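For reference, start-v4.cif is printed below; it contains mmCIF, C-alpha atoms and all ligand atoms.
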data_query
#
loop_
_atom_site.label_atom_id
_atom_site.label_comp_id
_atom_site.auth_asym_id
_atom_site.auth_seq_id
_atom_site.Cartn_x
_atom_site.Cartn_y
_atom_site.Cartn_z
CA MET A 1 -4.41 98.25 96.53
CA SER A 2 -0.67 97.66 96.20
CA ILE A 3 0.52 95.47 99.04
CA LEU A 4 4.19 95.02 99.84
CA VAL A 5 5.55 92.50 102.33
CA MET A 6 8.70 93.50 104.21
CA LYS A 7 10.35 90.99 106.51
CA PHE A 8 12.97 91.98 109.06
CA GLY A 9 15.21 89.25 110.44
CA GLY A 10 16.63 89.08 113.94
CA THR A 11 19.71 91.24 113.34
CA SER A 12 17.54 93.92 111.72
CA VAL A 13 15.44 94.23 114.89
CA ALA A 14 18.20 93.39 117.37
CA ASN A 15 17.64 96.54 119.48
CA LEU A 16 15.46 99.64 119.62
CA ASP A 17 17.73 101.62 117.30
CA ARG A 18 17.54 99.00 114.65
CA ILE A 19 13.79 98.71 115.02
CA ALA A 20 13.63 102.47 114.49
CA ARG A 21 15.80 102.19 111.41
CA ALA A 22 13.63 99.40 110.01
CA ALA A 23 10.50 101.44 110.75
CA LYS A 24 11.93 104.29 108.67
CA ARG A 25 12.21 101.97 105.69
CA VAL A 26 8.65 100.90 106.18
CA ALA A 27 7.56 104.53 106.26
CA VAL A 28 9.34 105.13 102.94
CA GLU A 29 7.34 102.35 101.32
CA VAL A 30 4.13 103.71 102.79
CA ALA A 31 5.01 107.09 101.30
CA ASN A 32 5.57 105.28 97.97
CA GLY A 33 1.90 104.34 98.08
CA HIS A 34 2.05 100.77 99.38
CA LYS A 35 0.06 99.16 102.12
CA VAL A 36 2.73 97.25 103.97
CA ILE A 37 2.65 93.96 105.81
CA VAL A 38 5.71 93.83 108.02
CA ILE A 39 6.82 90.44 109.26
CA VAL A 40 9.24 90.51 112.16
CA SER A 41 11.58 87.96 113.69
CA ALA A 42 12.52 87.97 117.34
CA MET A 43 15.51 90.10 118.35
CA SER A 44 18.65 88.19 117.38
CA GLY A 45 19.62 85.61 119.99
CA LYS A 46 16.21 85.73 121.64
CA THR A 47 14.81 82.52 120.18
CA ASN A 48 17.98 80.64 121.12
CA GLU A 49 17.63 81.90 124.65
CA LEU A 50 14.00 80.78 124.81
CA VAL A 51 14.86 77.35 123.43
CA GLY A 52 17.56 77.12 126.09
CA TRP A 53 15.07 77.91 128.84
CA VAL A 54 12.72 75.24 127.55
CA ASN A 55 15.43 72.59 127.48
CA GLU A 56 16.59 73.49 130.95
CA THR A 57 13.08 73.31 132.36
CA SER A 58 11.92 70.19 130.63
CA PRO A 59 14.23 68.08 128.48
CA LEU A 60 11.31 66.00 127.18
CA TYR A 61 9.11 69.02 126.86
CA ASP A 62 5.49 69.21 125.75
CA ALA A 63 5.82 70.56 122.21
CA ARG A 64 2.74 72.75 122.66
CA GLU A 65 4.38 74.56 125.55
CA TYR A 66 7.66 74.75 123.62
CA ASP A 67 5.76 76.68 120.96
CA ALA A 68 4.05 78.86 123.57
CA VAL A 69 7.48 79.88 124.86
CA VAL A 70 9.61 80.17 121.73
CA SER A 71 6.99 82.09 119.74
CA SER A 72 7.05 84.91 122.29
CA GLY A 73 10.15 86.69 120.96
CA GLU A 74 8.26 87.76 117.86
CA ASN A 75 5.39 89.19 119.93
CA VAL A 76 7.78 91.67 121.48
CA THR A 77 9.27 92.92 118.22
CA ALA A 78 5.85 93.13 116.54
CA GLY A 79 4.49 95.36 119.30
CA LEU A 80 7.61 97.51 119.41
CA MET A 81 7.66 97.94 115.64
CA ALA A 82 3.99 98.99 115.60
CA MET A 83 4.62 101.49 118.40
CA ARG A 84 7.67 102.92 116.65
CA LEU A 85 5.62 103.41 113.48
CA GLN A 86 2.84 105.08 115.43
CA GLU A 87 5.43 107.44 116.90
CA MET A 88 6.23 108.39 113.32
CA ASP A 89 2.54 109.02 112.60
CA VAL A 90 2.21 105.92 110.47
CA ALA A 91 -1.08 104.13 111.10
CA ALA A 92 0.04 100.70 112.25
CA ARG A 93 -0.95 97.89 114.57
CA SER A 94 0.53 94.55 115.50
CA TRP A 95 -0.95 91.10 114.97
CA GLN A 96 0.06 87.84 116.51
CA GLY A 97 -0.29 84.77 114.33
CA TRP A 98 -3.54 83.57 115.94
CA GLN A 99 -5.13 86.98 115.50
CA VAL A 100 -4.70 87.10 111.74
CA PRO A 101 -5.31 84.09 111.88
CA LEU A 102 -2.38 82.23 110.34
CA LYS A 103 -3.80 78.71 110.41
CA THR A 104 -1.42 75.77 110.57
CA ASN A 105 -1.64 72.05 111.16
CA ASP A 106 -0.85 70.71 114.63
CA ALA A 107 2.76 69.62 113.96
CA HIS A 108 4.12 71.63 116.87
CA SER A 109 7.59 73.17 116.43
CA SER A 110 7.53 72.53 112.68
CA ALA A 111 3.96 73.32 111.73
CA ARG A 112 2.86 73.79 108.15
CA ILE A 113 0.76 76.73 107.07
CA GLU A 114 -2.71 75.79 105.90
CA GLU A 115 -4.44 79.08 105.30
CA ILE A 116 -4.16 82.81 105.85
CA PRO A 117 -7.59 84.41 105.44
CA PRO A 118 -6.82 87.99 104.41
CA GLU A 119 -10.13 89.55 105.47
CA ASN A 120 -9.18 90.89 108.89
CA ILE A 121 -6.10 92.72 107.72
CA LEU A 122 -7.72 93.92 104.48
CA ALA A 123 -10.61 95.38 106.48
CA LYS A 124 -8.11 97.41 108.51
CA PHE A 125 -6.34 98.57 105.36
CA ASP A 126 -9.72 99.68 104.02
CA GLU A 127 -10.33 101.65 107.19
CA GLY A 128 -7.12 103.58 106.54
CA MET A 129 -4.48 101.58 108.35
CA SER A 130 -1.17 101.64 106.45
CA VAL A 131 0.89 98.93 108.09
CA ALA A 132 0.06 95.54 109.58
CA VAL A 133 2.97 94.33 111.68
CA VAL A 134 2.77 90.57 112.01
CA ALA A 135 4.77 88.38 114.36
CA GLY A 136 6.62 85.90 112.14
CA PHE A 137 7.29 82.22 112.82
CA GLN A 138 3.98 81.52 114.59
CA GLY A 139 0.45 80.39 113.87
CA VAL A 140 -2.49 78.64 115.42
CA SER A 141 -3.42 74.96 115.24
CA PRO A 142 -6.91 73.60 114.56
CA GLU A 143 -7.32 73.14 118.34
CA GLY A 144 -6.47 76.77 118.91
CA ARG A 145 -2.96 76.21 120.29
CA ILE A 146 0.00 78.37 119.29
CA THR A 147 2.32 76.69 116.79
CA THR A 148 5.71 77.60 115.32
CA LEU A 149 7.02 76.93 111.83
CA GLY A 150 10.51 75.66 112.58
CA ARG A 151 13.72 77.66 113.03
CA GLY A 152 14.08 80.41 110.48
CA GLY A 153 10.33 80.19 109.91
CA SER A 154 9.61 83.88 109.67
CA ASP A 155 10.92 83.81 106.08
CA THR A 156 8.16 81.33 105.37
CA THR A 157 5.62 83.53 107.15
CA ALA A 158 6.65 86.42 104.92
CA VAL A 159 6.35 84.50 101.67
CA ALA A 160 3.03 82.98 102.73
CA PHE A 161 1.64 86.45 103.40
CA ALA A 162 2.93 87.70 100.06
CA ALA A 163 1.11 84.81 98.35
CA ALA A 164 -2.09 85.18 100.37
CA PHE A 165 -2.30 88.94 99.78
CA ASN A 166 -1.04 88.87 96.21
CA ALA A 167 1.74 91.25 97.18
CA VAL A 168 3.76 93.08 94.55
CA ARG A 169 6.92 91.72 96.17
CA CYS A 170 8.31 90.20 99.31
CA ASP A 171 11.42 91.98 100.58
CA ILE A 172 13.51 90.02 103.06
CA TYR A 173 15.75 92.36 105.04
CA THR A 174 18.72 90.63 106.58
CA ASP A 175 22.35 91.22 107.54
CA VAL A 176 23.80 90.34 104.14
CA ASP A 177 23.18 92.40 101.03
CA GLY A 178 21.98 89.53 98.89
CA VAL A 179 22.67 86.05 97.61
CA TYR A 180 26.26 85.39 96.61
CA THR A 181 27.87 83.00 94.14
CA THR A 182 29.40 81.40 97.21
CA ASP A 183 30.17 82.25 100.81
CA PRO A 184 32.27 85.46 100.77
CA ARG A 185 33.85 84.37 104.04
CA ILE A 186 35.70 81.55 102.34
CA CYS A 187 36.09 82.92 98.84
CA ASP A 188 36.96 86.57 98.42
CA LYS A 189 35.96 86.54 94.76
CA ALA A 190 32.35 85.72 95.66
CA ARG A 191 30.01 88.02 93.77
CA LYS A 192 26.54 89.19 94.68
CA LEU A 193 23.95 87.98 92.21
CA ASP A 194 21.40 90.47 90.91
CA ARG A 195 18.99 87.66 90.15
CA ILE A 196 18.75 83.98 90.88
CA ALA A 197 16.13 81.47 89.78
CA PHE A 198 13.83 79.89 92.37
CA GLU A 199 15.16 76.42 91.63
CA GLU A 200 18.76 77.49 92.05
CA MET A 201 17.94 79.26 95.29
CA LEU A 202 16.10 76.19 96.50
CA GLU A 203 19.16 74.03 95.90
CA LEU A 204 21.49 76.56 97.48
CA ALA A 205 19.23 76.99 100.50
CA SER A 206 18.91 73.27 101.08
CA LEU A 207 22.64 72.81 100.56
CA GLY A 208 23.29 75.07 103.48
CA ALA A 209 23.33 78.65 102.18
CA LYS A 210 21.56 80.09 105.19
CA VAL A 211 20.07 83.24 103.71
CA LEU A 212 16.51 81.91 103.41
CA GLN A 213 14.61 79.08 105.03
CA THR A 214 14.25 76.37 102.36
CA ARG A 215 10.49 76.17 102.82
CA SER A 216 10.11 79.85 102.07
CA VAL A 217 11.78 79.35 98.70
CA GLU A 218 9.56 76.36 97.93
CA LEU A 219 6.53 78.45 98.70
CA ALA A 220 7.75 81.41 96.65
CA MET A 221 8.36 79.11 93.70
CA ARG A 222 4.92 77.53 93.96
CA TYR A 223 3.08 80.85 94.16
CA LYS A 224 5.49 82.84 91.99
CA VAL A 225 6.17 85.36 94.71
CA LYS A 226 8.84 87.86 93.70
CA LEU A 227 11.32 87.58 96.50
CA ARG A 228 14.10 90.06 97.18
CA VAL A 229 16.89 89.55 99.70
CA LEU A 230 18.58 92.73 100.84
CA SER A 231 20.47 94.26 103.71
CA SER A 232 18.80 96.50 106.23
CA PHE A 233 22.20 98.04 106.95
CA GLU A 234 22.78 99.59 103.58
CA GLU A 235 21.20 102.38 101.62
CA GLN A 236 18.23 101.23 99.67
CA SER A 237 17.94 101.42 95.91
CA ASP A 238 15.99 99.60 93.24
CA GLU A 239 19.11 97.64 92.36
CA ALA A 240 19.75 96.59 95.93
CA GLY A 241 19.88 92.98 96.95
CA THR A 242 19.14 89.85 94.95
CA LEU A 243 15.87 89.11 93.26
CA VAL A 244 14.81 85.47 93.52
CA CYS A 245 12.54 84.95 90.55
CA ASP A 246 11.25 82.74 87.79
CA GLU A 247 13.93 81.58 85.39
CA GLU A 248 12.05 83.30 82.55
CA ASP A 249 12.76 86.61 84.26
CA ILE A 250 16.49 86.10 83.97
CA MET A 251 17.93 87.13 80.63
CA GLU A 252 21.44 85.78 80.86
CA SER A 253 22.93 83.57 83.46
CA ASN A 254 26.08 81.56 83.96
CA VAL A 255 25.82 77.81 83.50
CA VAL A 256 26.74 77.49 87.16
CA ALA A 257 25.07 80.04 89.43
CA GLY A 258 26.79 79.20 92.67
CA VAL A 259 28.96 76.91 94.72
CA ALA A 260 27.57 75.66 98.02
CA TYR A 261 29.13 73.62 100.78
CA SER A 262 28.19 71.90 103.92
CA ARG A 263 30.90 71.31 106.42
CA ASP A 264 29.51 68.79 108.85
CA GLU A 265 28.92 65.73 106.77
CA ALA A 266 29.80 62.15 107.56
CA LYS A 267 30.29 59.27 105.18
CA MET A 268 29.13 55.90 106.43
CA THR A 269 29.72 52.59 104.75
CA LEU A 270 28.08 49.30 105.56
CA ILE A 271 30.69 46.75 104.57
CA SER A 272 29.64 43.47 103.05
CA VAL A 273 25.88 43.68 103.27
CA ALA A 274 23.94 40.66 102.10
CA ASP A 275 22.55 41.83 98.76
CA ARG A 276 18.96 40.81 98.15
CA PRO A 277 15.72 42.42 97.02
CA GLY A 278 14.51 44.79 99.72
CA ILE A 279 17.93 45.42 101.24
CA ALA A 280 17.88 49.17 100.56
CA ALA A 281 14.48 49.44 102.22
CA ALA A 282 15.72 47.38 105.17
CA ILE A 283 18.62 49.82 105.65
CA PHE A 284 17.08 53.18 104.90
CA GLY A 285 13.72 52.51 106.54
CA PRO A 286 15.21 52.19 110.04
CA LEU A 287 17.55 55.14 109.37
CA SER A 288 14.64 57.36 108.49
CA GLU A 289 12.66 56.16 111.50
CA ALA A 290 15.64 57.05 113.67
CA GLY A 291 15.54 60.57 112.28
CA VAL A 292 18.74 60.28 110.26
CA ASN A 293 18.73 62.64 107.28
CA VAL A 294 20.41 60.55 104.65
CA ASP A 295 21.64 62.56 101.72
CA MET A 296 23.88 60.77 99.21
CA ILE A 297 23.59 57.03 98.63
CA VAL A 298 25.92 54.78 96.69
CA GLN A 299 25.60 51.03 96.32
CA ASN A 300 28.57 49.15 94.98
CA ILE A 301 28.42 46.34 92.48
CA SER A 302 27.97 43.16 94.44
CA GLU A 303 30.20 40.16 94.44
CA ASP A 304 29.15 36.77 95.72
CA GLY A 305 25.89 38.21 96.95
CA ARG A 306 27.54 40.81 99.21
CA THR A 307 27.88 44.52 98.55
CA ASP A 308 28.97 47.75 100.24
CA MET A 309 26.42 50.46 100.80
CA THR A 310 27.61 54.01 101.41
CA PHE A 311 25.54 56.95 102.55
CA SER A 312 26.12 60.40 103.95
CA CYS A 313 24.38 62.18 106.81
CA PRO A 314 25.09 65.11 109.15
CA THR A 315 27.99 64.41 111.52
CA ASP A 316 25.84 64.72 114.63
CA GLN A 317 23.59 61.90 113.42
CA VAL A 318 26.34 59.29 113.13
CA ALA A 319 25.66 57.78 116.57
CA ARG A 320 21.97 57.54 115.81
CA ALA A 321 22.67 55.88 112.45
CA ASP A 322 25.04 53.43 114.13
CA GLU A 323 22.44 52.49 116.68
CA ALA A 324 19.70 52.05 114.09
CA MET A 325 21.89 49.74 111.99
CA GLN A 326 22.98 47.75 115.02
CA LYS A 327 19.34 47.25 115.99
CA ALA A 328 18.37 46.17 112.48
CA GLN A 329 21.24 43.70 112.50
CA ASP A 330 20.22 42.33 115.91
CA ALA A 331 16.64 41.96 114.71
CA GLY A 332 17.92 39.94 111.76
CA ASP A 333 16.60 42.44 109.20
CA ILE A 334 20.02 43.11 107.70
CA SER A 335 23.43 41.53 107.97
CA TYR A 336 26.71 43.35 107.49
CA GLN A 337 30.29 42.95 108.55
CA GLU A 338 31.05 46.42 109.77
CA LEU A 339 29.80 50.01 109.70
CA VAL A 340 32.68 52.36 108.96
CA SER A 341 32.16 56.05 109.53
CA ASP A 342 34.29 58.90 108.27
CA LYS A 343 33.38 62.09 110.08
CA ASP A 344 35.95 64.29 108.37
CA VAL A 345 34.19 64.96 105.12
CA ALA A 346 32.41 67.92 103.60
CA LYS A 347 30.05 68.28 100.69
CA VAL A 348 30.71 70.77 97.91
CA SER A 349 28.15 71.37 95.19
CA VAL A 350 27.77 73.42 92.06
CA VAL A 351 24.27 74.56 91.16
CA GLY A 352 22.82 76.12 88.04
CA ILE A 353 19.81 75.78 85.77
CA GLY A 354 22.18 76.20 82.81
CA MET A 355 23.36 72.63 83.42
CA ARG A 356 20.18 71.37 81.83
CA SER A 357 21.32 72.59 78.47
CA HIS A 358 25.11 72.46 78.84
CA ALA A 359 27.12 69.28 78.73
CA GLY A 360 30.50 68.91 80.38
CA VAL A 361 29.88 70.64 83.69
CA ALA A 362 30.68 67.51 85.68
CA ALA A 363 33.88 66.86 83.74
CA LYS A 364 35.00 70.45 84.28
CA MET A 365 34.24 70.22 87.98
CA PHE A 366 36.13 66.96 88.47
CA ASP A 367 39.04 68.30 86.47
CA ALA A 368 39.28 71.41 88.64
CA LEU A 369 39.26 69.30 91.80
CA SER A 370 41.87 66.91 90.51
CA SER A 371 44.16 69.80 89.53
CA GLU A 372 44.13 70.76 93.20
CA GLY A 373 44.81 67.20 94.26
CA VAL A 374 41.39 66.86 95.89
CA ASN A 375 40.13 63.30 95.98
CA ILE A 376 36.40 62.78 95.42
CA LYS A 377 34.79 60.16 97.67
CA VAL A 378 31.18 60.19 96.57
CA ILE A 379 29.38 61.93 93.71
CA THR A 380 25.70 62.61 93.19
CA THR A 381 24.00 64.61 90.51
CA SER A 382 20.60 66.00 89.73
CA GLU A 383 19.36 68.01 86.80
CA ILE A 384 20.76 71.27 88.11
CA LYS A 385 23.29 70.20 90.73
CA ILE A 386 26.45 68.16 91.14
CA SER A 387 27.64 67.34 94.65
CA VAL A 388 30.83 65.70 95.79
CA LEU A 389 31.98 64.48 99.16
CA ILE A 390 35.62 65.30 99.90
CA ASP A 391 37.97 65.46 102.89
CA ARG A 392 36.90 68.40 105.02
CA LYS A 393 40.39 69.90 105.10
CA TYR A 394 40.10 70.60 101.36
CA MET A 395 36.68 72.19 101.52
CA GLU A 396 37.74 75.84 101.23
CA LEU A 397 40.24 75.03 98.53
CA ALA A 398 37.60 73.14 96.55
CA VAL A 399 35.08 75.96 96.79
CA GLN A 400 37.67 78.49 95.58
CA ALA A 401 38.86 76.23 92.76
CA LEU A 402 35.31 75.67 91.52
CA HIS A 403 34.47 79.35 91.79
CA ASP A 404 37.53 80.06 89.62
CA CYS A 405 36.98 77.34 87.08
CA PHE A 406 33.40 78.38 86.36
CA GLU A 407 34.47 82.06 86.41
CA LEU A 408 31.73 83.00 88.82
CA GLU A 409 33.39 86.30 89.65
CA LYS A 410 32.21 87.48 86.24
CA ALA A 411 28.58 88.25 85.52
CA ALA A 412 27.01 86.50 82.53
N1 LIG A 501 13.01 83.70 115.58
C1 LIG A 501 12.89 82.43 114.90
C2 LIG A 501 14.24 81.77 114.82
O1 LIG A 501 15.22 82.29 115.28
C3 LIG A 501 12.26 82.56 113.57
C4 LIG A 501 13.01 83.43 112.60
O2 LIG A 501 13.70 84.34 112.99
O3 LIG A 501 12.88 83.22 111.39
O4 LIG A 501 14.34 80.68 114.33
MG MG A 502 16.46 83.91 109.21
#

Exercise: express the given structure as structure tokens:
Amino acid sequence: MSILVMKFGGTSVANLDRIARAAKRVAVEVANGHKVIVIVSAMSGKTNELVGWVNETSPLYDAREYDAVVSSGENVTAGLMAMRLQEMDVAARSWQGWQVPLKTNDAHSSARIEEIPPENILAKFDEGMSVAVVAGFQGVSPEGRITTLGRGGSDTTAVAFAAAFNAVRCDIYTDVDGVYTTDPRICDKARKLDRIAFEEMLELASLGAKVLQTRSVELAMRYKVKLRVLSSFEEQSDEAGTLVCDEEDIMESNVVAGVAYSRDEAKMTLISVADRPGIAAAIFGPLSEAGVNVDMIVQNISEDGRTDMTFSCPTDQVARADEAMQKAQDAGDISYQELVSDKDVAKVSVVGIGMRSHAGVAAKMFDALSSEGVNIKVITTSEIKISVLIDRKYMELAVQALHDCFELEKAA
């Protein structure tokens, strides 16, 4: 049995016409001989509306009821999609997460998938059903309550189904026609990639390229699910979209695959912190407890037992970070002179598995930025990524300059 997973995001099921158009694509794959598992998102905007209703009703809501409400958008599209397919004489039925069942832990609003027993759906396929339409984003906890997987979670549902059913591929239909070397909205030379390695996609996704939920890429990498990102608004062909795959399946690639950015970063510096063993733990422990997502960290060389500690976090977490540090200071856990925050910074990163085997990428990157007069405030590197923090007003310029200097408009 050849099983294909097709996932349609919110814009691809935004109204009845689009659902009909998506259903036609499903019917084509059925005619190609696949059994199809269709994962649907809620109609675009729906989940936001539901979240809004929850917040208005109960600011300190019960997370179990939050999930009961916000999971409902997907139920609607799953039922409508199944009906539309039936109208086209395609044997289809809908499944909500608990019916499959998609089993998760009980971390409501950001639950993790534990298991997807395939028996129920396989039995229906054996009986002649062609399409199982599954509501994305939702599952069921050990206590039998409805859970959701976090915003954007239907990508993760799709990949998890592809892994559980050993699907030939997982096609993610969205409103862009693939993964680009950078955001085409800020760099008109951005080029669609035919293929990208899981690890590169993982970096790009976590750096803010919003095509796929980061967890879905992690899962695809772990289970070697062939993942394709393509537009539901364009004609389909075998070449369409971007294939996210194992690096062995990519013949030639540029040293740098893409340039990513994240606009809303803040740089915070604790001035003159008493330097002693355990100081980093005393700073970053409370920050993490306060829910601050610290990204880059730089500790200066200390002088006379005092040092400066710089870290970055999302702009909207600055107040929380401030409060956490103030509290730690009041409790006598840390001592510092001042916490300076710079909210006008952005992070720009270059990503590519080729960096593992090529020297000089960092030098080239810094050179390109300096030629544009862009000052670098903080640098971090990993095996396949170099990130810099710069003034936000230079962000676009930096992305374009890096795209040019690594000649990303040209295929390898
Ligand atoms: N509808 C959910 C959301 O907007 C899940 C998804 O579409 O992936 O976050
Ligand atoms: Mg999405």

Quick one: residues within 12 Å of Val100 of chain A, all atoms listed in the file, excluding same-chain residues fewer than 6 positions away - as a PyMOL selection string? chain A and resi 37+93-94+115-124+132-136+138-140+157+161+164

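Every protein or nucleic acid residue with an atom no more than 10 Å from Lys377 of chain A, counting only C-alpha atoms and leaving out same-chain residues fewer than 4 positions away, appears here: Lys267, Val345, Lys347, Val388, Leu389, Ile390 and Asp391 of chain A.
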
Please identify the residues whose atoms come within 7 Å of ligand LIG 501 (chain A), using only C-alpha atoms and all ligand atoms, and report them as a ChimeraX atom specification. /A:9-10,41-42,47-48,73-74,136-137,150-155

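Minimum atom-to-atom distance to ligand MG 502 (chain A), evaluated using all atoms listed in the file, belongs to A:Gln213 out of A:Thr104, A:Asn166, A:Thr269, A:Gln213.
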
Spatial neighbours of Leu339 of chain A, 8 Å, all atoms listed in the file, chain gap at least 3 places, as a PDB file with C-alpha atoms, in the frame of the given file:
ATOM      1  CA  MET A 268      29.130  55.900 106.430  1.00  0.00           C
ATOM      2  CA  THR A 269      29.720  52.590 104.750  1.00  0.00           C
ATOM      3  CA  LEU A 270      28.080  49.300 105.560  1.00  0.00           C
ATOM      4  CA  ILE A 271      30.690  46.750 104.570  1.00  0.00           C
ATOM      5  CA  ASP A 322      25.040  53.430 114.130  1.00  0.00           C
ATOM      6  CA  TYR A 336      26.710  43.350 107.490  1.00  0.00           C
TER       7      TYR A 336
END

I want to know what sits within 6 Å of Arg191 of chain A, based on all atoms listed in the file, with residues of the same chain fewer than 6 positions away left out; could you give that as a PDB file with C-alpha atoms, in the coordinates of the input?
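And here is the file that came out, around17.pdb:
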ATOM      1  CA  TYR A 180      26.260  85.390  96.610  1.00  0.00           C
ATOM      2  CA  THR A 181      27.870  83.000  94.140  1.00  0.00           C
ATOM      3  CA  GLU A 409      33.390  86.300  89.650  1.00  0.00           C
TER       4      GLU A 409
END

Could you write out as lines of an AutoDock Vina configuration file the box around segment 22-26 of chain A (axis-aligned, all atoms listed in the file, 6 Å on each side), with centre and edge lengths in Å to one decimal?
center_x = 11.1
center_y = 101.8
center_z = 108.2
size_x = 17.0
size_y = 16.9
size_z = 17.1

Give the answer as one residue: which of A:Glu56, A:Asp246, A:Glu234, A:Asp175 has the shortest atom-to-atom distance to ligand MG 502 (chain A), using all atoms listed in the file? A:Asp175

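Proximity to ligand MG 502 (chain A) was assessed for A:Leu227, A:Val176, A:Val244, A:Ile196 counting only C-alpha atoms and all ligand atoms; the smallest distance is recorded for A:Val176.
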
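Counting from atom CA of Val40 of chain A, the distance to atom CA of Asp89 of chain A is 19.7 Å.
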
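Each of A:Thr310, A:Gln299, A:Ser272, A:Thr380 was compared to Glu338 of chain A using only C-alpha atoms, and A:Ser272 turns out to be the nearest.
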
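Note that atom CA of Ala190 of chain A and atom CA of Lys393 of chain A are 20.1 Å apart.
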
Pick out the residues sitting within 12 Å of Gln86 of chain A, and hand them over as a PyMOL selection string; count only C-alpha atoms, and ignore anything fewer than 5 positions along from it in its own chain. chain A and resi 20+23-24+26-27+79-81+91-94+129-133

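Nearest-residue note for Ala274 of chain A: choosing from A:Ile334, A:Ala411, A:Met251, A:Ala398, the minimum distance belongs to A:Ile334, counting only C-alpha atoms.
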